[in-house]
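Trainee: Input structure: structure39.cif, which contains mmCIF, C-alpha atoms and all ligand atoms.
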data_query
loop_
_atom_site.group_PDB
_atom_site.id
_atom_site.type_symbol
_atom_site.label_atom_id
_atom_site.label_comp_id
_atom_site.auth_asym_id
_atom_site.auth_seq_id
_atom_site.Cartn_x
_atom_site.Cartn_y
_atom_site.Cartn_z
ATOM 1 C CA MET A 29 87.438 -34.723 -38.580
ATOM 2 C CA ARG A 30 83.878 -34.208 -39.815
ATOM 3 C CA ILE A 31 82.181 -31.323 -37.986
ATOM 4 C CA VAL A 32 78.436 -30.666 -37.994
ATOM 5 C CA ASP A 33 77.056 -27.669 -36.112
ATOM 6 C CA GLY A 34 73.932 -29.054 -34.427
ATOM 7 C CA HIS A 35 72.434 -25.688 -33.447
ATOM 8 C CA ALA A 36 72.497 -22.357 -35.318
ATOM 9 C CA HIS A 37 70.203 -19.700 -36.771
ATOM 10 C CA VAL A 38 70.153 -17.535 -39.864
ATOM 11 C CA ALA A 39 71.349 -14.173 -38.480
ATOM 12 C CA SER A 40 68.531 -12.066 -39.918
ATOM 13 C CA MET A 41 66.064 -9.624 -38.381
ATOM 14 C CA SER A 42 63.502 -11.300 -40.697
ATOM 15 C CA PHE A 43 63.409 -14.311 -38.386
ATOM 16 C CA ILE A 44 63.622 -12.813 -34.881
ATOM 17 C CA PRO A 45 61.158 -10.465 -33.117
ATOM 18 C CA ARG A 46 62.535 -6.998 -32.429
ATOM 19 C CA ASP A 47 61.232 -7.241 -28.804
ATOM 20 C CA PHE A 48 63.259 -10.443 -28.283
ATOM 21 C CA VAL A 49 66.404 -8.568 -29.309
ATOM 22 C CA ALA A 50 65.437 -5.530 -27.198
ATOM 23 C CA GLY A 51 65.082 -7.781 -24.124
ATOM 24 C CA ALA A 52 68.478 -9.374 -24.748
ATOM 25 C CA ALA A 53 69.960 -5.872 -25.139
ATOM 26 C CA ARG A 54 68.525 -4.816 -21.743
ATOM 27 C CA ASN A 55 70.177 -7.801 -20.115
ATOM 28 C CA ILE A 56 73.562 -7.208 -21.754
ATOM 29 C CA ALA A 57 73.461 -3.494 -20.847
ATOM 30 C CA ALA A 58 72.511 -4.377 -17.230
ATOM 31 C CA SER A 59 75.546 -6.649 -16.930
ATOM 32 C CA GLY A 60 77.826 -3.690 -17.629
ATOM 33 C CA ILE A 61 76.156 -1.165 -15.281
ATOM 34 C CA GLY A 62 78.707 0.572 -13.104
ATOM 35 C CA SER A 63 81.671 -0.776 -15.052
ATOM 36 C CA ALA A 64 84.113 1.190 -17.179
ATOM 37 C CA LYS A 65 82.616 -0.451 -20.286
ATOM 38 C CA ALA A 66 78.990 0.536 -19.502
ATOM 39 C CA VAL A 67 76.823 0.851 -22.612
ATOM 40 C CA THR A 68 73.240 1.950 -23.152
ATOM 41 C CA VAL A 69 70.425 -0.420 -24.088
ATOM 42 C CA LYS A 70 70.032 1.421 -27.380
ATOM 43 C CA GLN A 71 73.715 0.965 -28.272
ATOM 44 C CA VAL A 72 73.550 -2.768 -27.577
ATOM 45 C CA GLN A 73 70.309 -3.132 -29.506
ATOM 46 C CA MET A 74 71.848 -1.420 -32.541
ATOM 47 C CA LEU A 75 74.846 -3.767 -32.373
ATOM 48 C CA LEU A 76 72.604 -6.832 -32.136
ATOM 49 C CA GLU A 77 70.494 -5.688 -35.070
ATOM 50 C CA ALA A 78 73.636 -5.021 -37.126
ATOM 51 C CA GLN A 79 74.694 -8.598 -36.339
ATOM 52 C CA HIS A 80 71.419 -9.870 -37.864
ATOM 53 C CA GLN A 81 71.811 -8.783 -41.496
ATOM 54 C CA ASP A 82 72.936 -12.079 -43.049
ATOM 55 C CA HIS A 83 69.564 -12.717 -44.700
ATOM 56 C CA HIS A 84 70.716 -15.464 -47.118
ATOM 57 C CA ALA A 85 73.202 -17.160 -44.747
ATOM 58 C CA ASP A 86 76.162 -16.245 -46.992
ATOM 59 C CA GLN A 87 78.224 -15.031 -44.037
ATOM 60 C CA LEU A 88 77.329 -18.166 -42.085
ATOM 61 C CA VAL A 89 78.541 -20.397 -44.934
ATOM 62 C CA HIS A 90 81.768 -18.369 -45.083
ATOM 63 C CA GLU A 91 82.215 -18.916 -41.311
ATOM 64 C CA MET A 92 81.518 -22.666 -41.748
ATOM 65 C CA ASP A 93 84.087 -22.952 -44.543
ATOM 66 C CA GLU A 94 86.706 -21.150 -42.496
ATOM 67 C CA ALA A 95 86.055 -23.384 -39.470
ATOM 68 C CA GLY A 96 85.812 -26.675 -41.395
ATOM 69 C CA VAL A 97 82.109 -27.190 -40.600
ATOM 70 C CA SER A 98 80.536 -29.493 -43.228
ATOM 71 C CA LYS A 99 76.894 -28.947 -42.350
ATOM 72 C CA THR A 100 74.814 -26.899 -39.929
ATOM 73 C CA VAL A 101 71.382 -27.405 -38.386
ATOM 74 C CA LEU A 102 69.337 -24.211 -38.855
ATOM 75 C CA LEU A 103 66.573 -23.706 -36.306
ATOM 76 C CA ILE A 104 63.447 -21.629 -36.961
ATOM 77 C CA PRO A 105 61.811 -20.809 -33.616
ATOM 78 C CA ASP A 106 58.113 -19.884 -33.728
ATOM 79 C CA PHE A 107 57.606 -16.841 -31.456
ATOM 80 C CA SER A 108 54.244 -15.924 -32.982
ATOM 81 C CA HIS A 109 52.083 -16.537 -29.876
ATOM 82 C CA ALA A 110 54.369 -14.578 -27.538
ATOM 83 C CA LEU A 111 55.821 -11.682 -29.546
ATOM 84 C CA GLU A 112 55.170 -9.678 -32.673
ATOM 85 C CA CYS A 113 57.066 -11.383 -35.505
ATOM 86 C CA PRO A 114 58.490 -9.805 -38.673
ATOM 87 C CA LEU A 115 57.049 -12.569 -40.911
ATOM 88 C CA PRO A 116 54.459 -15.353 -40.658
ATOM 89 C CA ILE A 117 56.054 -18.702 -39.746
ATOM 90 C CA THR A 118 55.050 -20.153 -43.145
ATOM 91 C CA GLU A 119 57.050 -17.434 -44.921
ATOM 92 C CA MET A 120 60.054 -18.081 -42.628
ATOM 93 C CA ALA A 121 59.909 -21.750 -43.674
ATOM 94 C CA GLU A 122 59.752 -20.779 -47.345
ATOM 95 C CA ARG A 123 62.790 -18.481 -46.970
ATOM 96 C CA HIS A 124 64.766 -21.238 -45.234
ATOM 97 C CA ARG A 125 63.867 -23.591 -48.092
ATOM 98 C CA ARG A 126 65.369 -21.050 -50.506
ATOM 99 C CA ILE A 127 68.454 -20.610 -48.315
ATOM 100 C CA ARG A 128 68.986 -24.353 -48.492
ATOM 101 C CA GLU A 129 68.696 -24.276 -52.271
ATOM 102 C CA ARG A 130 71.185 -21.408 -52.419
ATOM 103 C CA HIS A 131 73.742 -23.427 -50.426
ATOM 104 C CA PRO A 132 73.171 -27.047 -51.507
ATOM 105 C CA GLY A 133 74.268 -29.739 -49.070
ATOM 106 C CA ARG A 134 75.179 -27.314 -46.274
ATOM 107 C CA PHE A 135 72.059 -27.147 -44.080
ATOM 108 C CA TYR A 136 69.593 -29.239 -42.174
ATOM 109 C CA VAL A 137 66.484 -27.308 -41.068
ATOM 110 C CA PHE A 138 64.282 -27.824 -38.001
ATOM 111 C CA GLN A 139 60.881 -26.133 -38.298
ATOM 112 C CA GLY A 140 59.386 -24.277 -35.325
ATOM 113 C CA ILE A 141 55.717 -24.472 -34.405
ATOM 114 C CA ASP A 142 53.608 -23.337 -31.438
ATOM 115 C CA PRO A 143 51.084 -25.874 -30.063
ATOM 116 C CA ARG A 144 48.484 -23.091 -29.750
ATOM 117 C CA SER A 145 48.379 -22.726 -33.556
ATOM 118 C CA GLY A 146 45.903 -25.605 -33.876
ATOM 119 C CA ILE A 147 45.492 -28.448 -36.307
ATOM 120 C CA GLU A 148 46.578 -26.490 -39.421
ATOM 121 C CA ALA A 149 50.024 -26.231 -37.866
ATOM 122 C CA VAL A 150 50.245 -30.046 -37.772
ATOM 123 C CA ASP A 151 49.633 -30.204 -41.533
ATOM 124 C CA PHE A 152 52.047 -27.325 -42.095
ATOM 125 C CA PHE A 153 54.756 -29.059 -40.061
ATOM 126 C CA GLU A 154 54.339 -32.338 -41.950
ATOM 127 C CA ARG A 155 54.527 -30.433 -45.245
ATOM 128 C CA THR A 156 57.879 -28.940 -44.257
ATOM 129 C CA ILE A 157 59.201 -32.482 -43.695
ATOM 130 C CA VAL A 158 57.677 -34.099 -46.778
ATOM 131 C CA GLU A 159 57.720 -31.291 -49.363
ATOM 132 C CA TYR A 160 60.535 -29.014 -48.176
ATOM 133 C CA GLY A 161 62.734 -31.874 -46.980
ATOM 134 C CA PHE A 162 63.244 -30.332 -43.519
ATOM 135 C CA ASP A 163 64.750 -32.532 -40.836
ATOM 136 C CA GLY A 164 63.141 -31.931 -37.430
ATOM 137 C CA LEU A 165 60.870 -30.006 -35.079
ATOM 138 C CA LYS A 166 62.026 -26.963 -33.100
ATOM 139 C CA LEU A 167 60.196 -25.892 -29.928
ATOM 140 C CA TYR A 168 60.584 -22.728 -27.885
ATOM 141 C CA PRO A 169 58.793 -23.466 -24.569
ATOM 142 C CA PRO A 170 59.656 -20.029 -23.008
ATOM 143 C CA CYS A 171 56.961 -18.686 -25.367
ATOM 144 C CA GLY A 172 54.552 -20.066 -22.743
ATOM 145 C CA TYR A 173 53.967 -23.822 -23.011
ATOM 146 C CA SER A 174 55.423 -27.068 -21.716
ATOM 147 C CA PRO A 175 57.108 -29.480 -24.141
ATOM 148 C CA SER A 176 54.874 -32.137 -22.542
ATOM 149 C CA ASP A 177 51.690 -30.178 -23.395
ATOM 150 C CA ALA A 178 49.215 -32.671 -24.922
ATOM 151 C CA ARG A 179 48.586 -30.256 -27.802
ATOM 152 C CA LEU A 180 52.078 -31.159 -29.008
ATOM 153 C CA PHE A 181 51.373 -34.892 -29.204
ATOM 154 C CA PRO A 182 50.025 -34.795 -32.821
ATOM 155 C CA PHE A 183 53.337 -33.146 -33.821
ATOM 156 C CA TYR A 184 55.292 -35.866 -32.010
ATOM 157 C CA GLU A 185 53.267 -38.476 -33.917
ATOM 158 C CA ILE A 186 54.435 -36.851 -37.164
ATOM 159 C CA CYS A 187 58.018 -36.941 -35.833
ATOM 160 C CA ALA A 188 57.663 -40.652 -34.999
ATOM 161 C CA LYS A 189 56.181 -41.368 -38.446
ATOM 162 C CA HIS A 190 59.026 -39.636 -40.299
ATOM 163 C CA ARG A 191 61.699 -40.536 -37.694
ATOM 164 C CA VAL A 192 62.768 -36.905 -37.203
ATOM 165 C CA PRO A 193 63.983 -35.450 -33.870
ATOM 166 C CA VAL A 194 62.589 -32.665 -31.679
ATOM 167 C CA LEU A 195 64.947 -29.951 -30.432
ATOM 168 C CA LEU A 196 63.634 -27.791 -27.589
ATOM 169 C CA HIS A 197 65.125 -24.717 -25.979
ATOM 170 C CA THR A 198 66.055 -25.104 -22.300
ATOM 171 C CA GLY A 199 67.358 -22.538 -19.804
ATOM 172 C CA PRO A 200 67.044 -18.752 -19.667
ATOM 173 C CA THR A 201 66.609 -16.602 -22.753
ATOM 174 C CA SER A 202 65.510 -13.054 -23.599
ATOM 175 C CA PRO A 203 63.890 -11.579 -20.442
ATOM 176 C CA VAL A 204 60.691 -10.816 -22.373
ATOM 177 C CA LEU A 205 59.847 -14.570 -22.219
ATOM 178 C CA GLU A 206 58.990 -17.015 -19.397
ATOM 179 C CA PHE A 207 61.881 -19.099 -18.078
ATOM 180 C CA GLU A 208 59.584 -21.370 -16.065
ATOM 181 C CA PHE A 209 58.778 -23.583 -19.060
ATOM 182 C CA ALA A 210 62.426 -23.924 -20.014
ATOM 183 C CA HIS A 211 63.531 -26.446 -17.386
ATOM 184 C CA PRO A 212 64.711 -29.742 -18.941
ATOM 185 C CA SER A 213 62.488 -31.859 -16.637
ATOM 186 C CA ARG A 214 59.468 -30.455 -18.483
ATOM 187 C CA VAL A 215 60.197 -32.801 -21.391
ATOM 188 C CA ASP A 216 60.028 -35.960 -19.298
ATOM 189 C CA LEU A 217 56.375 -36.896 -19.910
ATOM 190 C CA ALA A 218 56.746 -36.331 -23.666
ATOM 191 C CA ALA A 219 59.950 -38.395 -23.796
ATOM 192 C CA LYS A 220 58.292 -41.211 -21.846
ATOM 193 C CA SER A 221 55.119 -41.091 -23.972
ATOM 194 C CA PHE A 222 56.979 -41.057 -27.313
ATOM 195 C CA PRO A 223 59.884 -43.498 -26.931
ATOM 196 C CA ALA A 224 60.357 -43.599 -30.724
ATOM 197 C CA VAL A 225 60.997 -39.850 -30.890
ATOM 198 C CA ASN A 226 64.405 -38.401 -30.002
ATOM 199 C CA PHE A 227 64.398 -35.175 -27.951
ATOM 200 C CA ILE A 228 67.398 -32.829 -27.870
ATOM 201 C CA LEU A 229 67.694 -30.450 -24.903
ATOM 202 C CA ALA A 230 69.115 -27.340 -26.547
ATOM 203 C CA HIS A 231 71.767 -25.763 -24.258
ATOM 204 C CA GLY A 232 71.444 -28.775 -21.903
ATOM 205 C CA GLY A 233 75.244 -28.832 -21.605
ATOM 206 C CA VAL A 234 75.229 -25.161 -20.560
ATOM 207 C CA ASN A 235 72.068 -24.530 -18.474
ATOM 208 C CA HIS A 236 70.577 -26.779 -15.749
ATOM 209 C CA THR A 237 73.355 -29.144 -16.763
ATOM 210 C CA ALA A 238 73.016 -31.635 -13.887
ATOM 211 C CA ASP A 239 69.289 -32.134 -14.564
ATOM 212 C CA ALA A 240 69.772 -32.338 -18.340
ATOM 213 C CA ALA A 241 72.563 -34.900 -17.922
ATOM 214 C CA LEU A 242 70.400 -37.050 -15.626
ATOM 215 C CA LEU A 243 67.635 -37.154 -18.238
ATOM 216 C CA CYS A 244 70.192 -38.132 -20.892
ATOM 217 C CA ALA A 245 71.518 -40.903 -18.647
ATOM 218 C CA TYR A 246 68.107 -42.378 -17.854
ATOM 219 C CA ARG A 247 65.920 -41.671 -20.921
ATOM 220 C CA PRO A 248 67.249 -43.509 -23.965
ATOM 221 C CA ASN A 249 65.641 -40.968 -26.319
ATOM 222 C CA VAL A 250 66.894 -37.739 -24.646
ATOM 223 C CA TYR A 251 70.045 -35.931 -25.843
ATOM 224 C CA LEU A 252 71.569 -32.519 -25.113
ATOM 225 C CA ASP A 253 73.508 -29.956 -27.091
ATOM 226 C CA ILE A 254 76.242 -27.588 -25.923
ATOM 227 C CA ALA A 255 75.111 -24.588 -27.991
ATOM 228 C CA GLY A 256 76.267 -21.359 -26.393
ATOM 229 C CA PHE A 257 79.100 -23.183 -24.563
ATOM 230 C CA PRO A 258 81.373 -20.113 -24.214
ATOM 231 C CA GLY A 259 78.638 -18.496 -22.071
ATOM 232 C CA ALA A 260 78.350 -21.234 -19.420
ATOM 233 C CA LEU A 261 78.182 -19.975 -15.826
ATOM 234 C CA HIS A 262 80.849 -21.928 -13.980
ATOM 235 C CA PRO A 263 83.264 -20.731 -11.286
ATOM 236 C CA GLN A 264 86.232 -22.080 -13.296
ATOM 237 C CA GLY A 265 84.931 -20.949 -16.670
ATOM 238 C CA TRP A 266 83.232 -22.601 -19.656
ATOM 239 C CA LYS A 267 86.089 -25.001 -20.400
ATOM 240 C CA GLN A 268 85.821 -26.576 -16.969
ATOM 241 C CA ASN A 269 82.034 -26.747 -17.385
ATOM 242 C CA LEU A 270 82.524 -28.855 -20.533
ATOM 243 C CA ARG A 271 85.316 -30.928 -18.977
ATOM 244 C CA ASP A 272 82.920 -31.844 -16.141
ATOM 245 C CA LEU A 273 80.162 -32.697 -18.643
ATOM 246 C CA VAL A 274 82.249 -35.058 -20.781
ATOM 247 C CA HIS A 275 83.214 -37.139 -17.753
ATOM 248 C CA LEU A 276 79.664 -38.110 -16.766
ATOM 249 C CA GLY A 277 79.421 -41.165 -19.016
ATOM 250 C CA ILE A 278 76.898 -39.607 -21.444
ATOM 251 C CA ASN A 279 79.208 -38.700 -24.332
ATOM 252 C CA HIS A 280 77.006 -40.674 -26.757
ATOM 253 C CA LYS A 281 74.254 -38.119 -25.935
ATOM 254 C CA ILE A 282 76.229 -34.880 -26.382
ATOM 255 C CA ILE A 283 75.874 -32.788 -29.563
ATOM 256 C CA PHE A 284 78.144 -29.933 -30.604
ATOM 257 C CA GLY A 285 76.452 -26.632 -31.531
ATOM 258 C CA THR A 286 77.462 -22.988 -31.738
ATOM 259 C CA ASP A 287 74.161 -21.067 -31.479
ATOM 260 C CA TRP A 288 75.513 -18.793 -34.221
ATOM 261 C CA PRO A 289 75.260 -15.770 -34.370
ATOM 262 C CA LEU A 290 75.259 -15.550 -30.554
ATOM 263 C CA PHE A 291 79.018 -15.096 -30.044
ATOM 264 C CA SER A 292 79.908 -13.787 -33.491
ATOM 265 C CA MET A 293 80.688 -10.320 -32.124
ATOM 266 C CA THR A 294 83.434 -11.611 -29.868
ATOM 267 C CA ALA A 295 84.799 -14.763 -31.550
ATOM 268 C CA SER A 296 84.782 -16.599 -34.891
ATOM 269 C CA THR A 297 83.347 -20.097 -35.206
ATOM 270 C CA LYS A 298 86.848 -21.206 -36.178
ATOM 271 C CA SER A 299 88.377 -19.961 -32.914
ATOM 272 C CA CYS A 300 85.520 -21.447 -30.829
ATOM 273 C CA ILE A 301 86.112 -24.867 -32.420
ATOM 274 C CA GLU A 302 89.880 -24.565 -31.983
ATOM 275 C CA ASP A 303 89.329 -23.809 -28.276
ATOM 276 C CA LEU A 304 87.247 -26.974 -28.017
ATOM 277 C CA LEU A 305 89.593 -29.319 -29.863
ATOM 278 C CA THR A 306 93.001 -27.962 -28.913
ATOM 279 C CA ASP A 307 95.518 -29.938 -26.835
ATOM 280 C CA GLY A 308 94.605 -29.335 -23.215
ATOM 281 C CA GLY A 309 91.107 -28.240 -24.273
ATOM 282 C CA PRO A 310 87.902 -29.612 -22.738
ATOM 283 C CA LEU A 311 87.700 -32.612 -25.117
ATOM 284 C CA ASP A 312 91.379 -33.488 -24.868
ATOM 285 C CA GLY A 313 92.030 -37.040 -23.647
ATOM 286 C CA LEU A 314 88.624 -38.442 -24.675
ATOM 287 C CA PRO A 315 88.519 -41.511 -26.933
ATOM 288 C CA ARG A 316 88.593 -40.414 -30.589
ATOM 289 C CA ARG A 317 85.200 -42.054 -31.162
ATOM 290 C CA ASP A 318 83.580 -39.911 -28.422
ATOM 291 C CA VAL A 319 84.934 -36.723 -29.973
ATOM 292 C CA GLU A 320 83.718 -37.756 -33.436
ATOM 293 C CA ASN A 321 80.260 -38.479 -32.062
ATOM 294 C CA ILE A 322 80.077 -35.140 -30.228
ATOM 295 C CA MET A 323 81.306 -33.161 -33.236
ATOM 296 C CA ALA A 324 79.078 -34.817 -35.897
ATOM 297 C CA GLY A 325 78.208 -38.498 -35.487
ATOM 298 C CA THR A 326 75.357 -38.282 -32.999
ATOM 299 C CA ILE A 327 73.360 -35.468 -34.619
ATOM 300 C CA GLU A 328 73.701 -37.118 -38.034
ATOM 301 C CA ARG A 329 72.498 -40.431 -36.626
ATOM 302 C CA LEU A 330 69.390 -38.649 -35.312
ATOM 303 C CA ILE A 331 68.623 -37.121 -38.728
ATOM 304 C CA PRO A 332 67.443 -39.966 -40.967
ATOM 305 C CA ARG A 333 67.821 -37.966 -44.165
ATOM 306 C CA SER A 334 71.540 -37.531 -43.485
ATOM 307 C CA ALA A 335 71.931 -41.341 -43.611
ATOM 308 C CA GLU A 336 69.887 -41.507 -46.820
ATOM 309 C CA CYS A 337 72.128 -38.830 -48.347
ATOM 310 C CA THR A 338 75.236 -40.726 -47.315
ATOM 311 C CA ARG A 339 73.869 -43.989 -48.716
ATOM 312 C CA ALA A 340 72.896 -42.275 -51.995
ATOM 313 C CA ALA A 341 76.338 -40.676 -52.241
ATOM 314 C CA LYS A 342 77.997 -44.056 -51.601
ATOM 315 C CA ARG A 343 75.835 -45.724 -54.285
ATOM 316 C CA GLU A 344 76.843 -43.016 -56.745
ATOM 317 C CA LEU A 345 80.510 -43.562 -55.907
ATOM 318 C CA ALA A 346 80.098 -47.328 -56.376
ATOM 319 C CA CYS A 347 78.417 -46.734 -59.771
ATOM 320 C CA SER A 348 81.109 -44.379 -61.025
ATOM 321 C CA ALA A 349 83.947 -46.623 -59.772
HETATM 322 ZN ZN ZN B 1 69.587 -21.049 -30.528
#
Show how you would write the structure in this file as structure tokens.
Ligand SMILES: [Zn+2]

Mentor:
Amino acid sequence: MRIVDGHAHVASMSFIPRDFVAGAARNIAASGIGSAKAVTVKQVQMLLEAQHQDHHADQLVHEMDEAGVSKTVLLIPDFSHALECPLPITEMAERHRRIRERHPGRFYVFQGIDPRSGIEAVDFFERTIVEYGFDGLKLYPPCGYSPSDARLFPFYEICAKHRVPVLLHTGPTSPVLEFEFAHPSRVDLAAKSFPAVNFILAHGGVNHTADAALLCAYRPNVYLDIAGFPGALHPQGWKQNLRDLVHLGINHKIIFGTDWPLFSMTASTKSCIEDLLTDGGPLDGLPRRDVENIMAGTIERLIPRSAECTRAAKRELACSA
């Protein structure tokens, strides 16, 4: 079966603010307080930083090969208005362009922007689509803005023009950011105002799942991904969380994603995918077509360039036959 990871990041400290990681480390350390496995914030932070040394995505490609993942969507969040960043967002885009050249045919890229960056950011975003060949827009509302903020509308017009999707973070994140803007309902006005643009609620199958699923059921242009699925809070565990999700009648809106490198310290991508697809696993018993759509079909339908690539590849095959 074709597998496309709809949500991942290059695991590099060049693309993530040190304060973001420090906040995540505080949260992880707090969860172990009083237990036999208690660790200090500093220890966790060092581990997280060590996990972010795959600057050219070589390790990620190795992981993809091992797990049978054909392509991965790389997301570049723009934290520049909330936290001190290691590089300007333009340089992050340039480095992702080079990563894609280094690993031809393996990555889609969604460029992050912040609506407070002004009109130059609109031109920059369109350049990443037209000149770099990137495939979508990435938003990180916990940086302090709503995805329905009118300052984003010029970006959505670019998305409509080039038929590329918007993926926005939903749910909690590093405690140094604001969770208030991360509720899925915040996207409703934007989704209603831009019916030609597809919006993907990142982690919608993991956080605020009931609200995310309702939006998917009633807004034709809203989708959700399951990135971070092994971390779902559910009394019967993450597998039951997914089992519940895939029986709501919205399987045509669900997109597989790992959120690499999030769980790379505890499990390989290969084992995560095996847990998903195994007999008795959360997707067991679904029609084959649903599983194919979740694992690759839906995200590739939302990325117009993927269809162009497929058509071009088919033409080439027809010519050489
Ligand atoms: Zn992510």

Trainee: Could I get the residues of stretch 199-306 of chain A with an atom no further than 9 Å from an atom of stretch 327-335 of chain A, each paired with its nearest atom pair and that distance in Å to one decimal, using only C-alpha atoms, sorted by chain and residue number, as CSV?

Mentor:
residue,atom,partner,partner_atom,distance
A:Asn226,CA,A:Leu330,CA,7.3
A:Ile282,CA,A:Ile327,CA,8.7
A:Ile283,CA,A:Ile327,CA,6.3
A:Phe284,CA,A:Ile327,CA,8.3

Trainee: For the structure provided, state which residues fall under the PyMOL selection byres (((not hetatm)) within 12 of (chain B and resi 1)), and present them as a count of residues only.

Mentor: 43

Trainee: Pick from A:Arg155, A:Glu129, A:Val234, A:His280: nearest to A:Ala324, with all atoms listed in the file counted?

Mentor: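 The answer is A:His280, which sits nearest to A:Ala324.
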
Trainee: Identify which of the residues A:Arg144, A:His90, A:Lys189, A:His236 lies closest to A:Pro212, counting all atoms listed in the file when measuring atom-to-atom distances.

Mentor: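 Looking at the shortest contact to A:Pro212, the residue is A:His236.
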
Trainee: So how far away is atom CA of A:Ala295 from atom CA of A:Leu165, in Å?

Mentor: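 Atom CA of A:Ala295 lies at a distance of 28.6 Å from atom CA of A:Leu165.
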
Trainee: Compare A:Phe207, A:Tyr251, A:Phe183, A:Tyr246 by their minimum atom-to-atom distance to A:Phe222, counting only C-alpha atoms, and give me the closest one.

Mentor: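 Nearest candidate to A:Phe222 out of A:Phe207, A:Tyr251, A:Phe183, A:Tyr246: A:Phe183.
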
Trainee: Start from the incomplete input, build all heavy atoms for stretch 256-261 of chain A, and deliver everything as a JSON list (two decimals), in the frame of the given file.

Mentor:
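Okay, selection-v2.json is ready:
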[["chain", "number", "residue", "atom", "x", "y", "z"],
["A", 256, "GLY", "N", 76.04, -22.48, -27.31],
["A", 256, "GLY", "CA", 76.27, -21.36, -26.39],
["A", 256, "GLY", "C", 77.32, -21.68, -25.35],
["A", 256, "GLY", "O", 77.44, -20.98, -24.33],
["A", 257, "PHE", "N", 78.16, -22.71, -25.60],
["A", 257, "PHE", "CA", 79.10, -23.18, -24.56],
["A", 257, "PHE", "C", 80.04, -22.11, -24.02],
["A", 257, "PHE", "O", 80.37, -22.14, -22.84],
["A", 257, "PHE", "CB", 79.87, -24.42, -25.04],
["A", 257, "PHE", "CG", 80.66, -24.25, -26.31],
["A", 257, "PHE", "CD1", 81.96, -23.79, -26.28],
["A", 257, "PHE", "CD2", 80.08, -24.54, -27.54],
["A", 257, "PHE", "CE1", 82.68, -23.63, -27.46],
["A", 257, "PHE", "CE2", 80.79, -24.39, -28.72],
["A", 257, "PHE", "CZ", 82.09, -23.91, -28.68],
["A", 258, "PRO", "N", 80.47, -21.11, -24.82],
["A", 258, "PRO", "CA", 81.37, -20.11, -24.21],
["A", 258, "PRO", "C", 80.69, -19.24, -23.15],
["A", 258, "PRO", "O", 81.36, -18.50, -22.44],
["A", 258, "PRO", "CB", 81.83, -19.25, -25.41],
["A", 258, "PRO", "CG", 81.52, -20.07, -26.63],
["A", 258, "PRO", "CD", 80.29, -20.86, -26.27],
["A", 259, "GLY", "N", 79.35, -19.34, -23.05],
["A", 259, "GLY", "CA", 78.64, -18.50, -22.07],
["A", 259, "GLY", "C", 78.26, -19.23, -20.79],
["A", 259, "GLY", "O", 77.54, -18.68, -19.96],
["A", 260, "ALA", "N", 78.75, -20.46, -20.61],
["A", 260, "ALA", "CA", 78.35, -21.23, -19.42],
["A", 260, "ALA", "C", 78.76, -20.53, -18.12],
["A", 260, "ALA", "O", 79.88, -20.02, -18.02],
["A", 260, "ALA", "CB", 78.98, -22.62, -19.49],
["A", 261, "LEU", "N", 77.86, -20.53, -17.15],
["A", 261, "LEU", "CA", 78.18, -19.98, -15.83],
["A", 261, "LEU", "C", 78.85, -21.08, -15.01],
["A", 261, "LEU", "O", 78.21, -22.07, -14.67],
["A", 261, "LEU", "CB", 76.91, -19.53, -15.10],
["A", 261, "LEU", "CG", 76.14, -18.34, -15.65],
["A", 261, "LEU", "CD1", 74.98, -17.99, -14.72],
["A", 261, "LEU", "CD2", 77.04, -17.12, -15.81]]
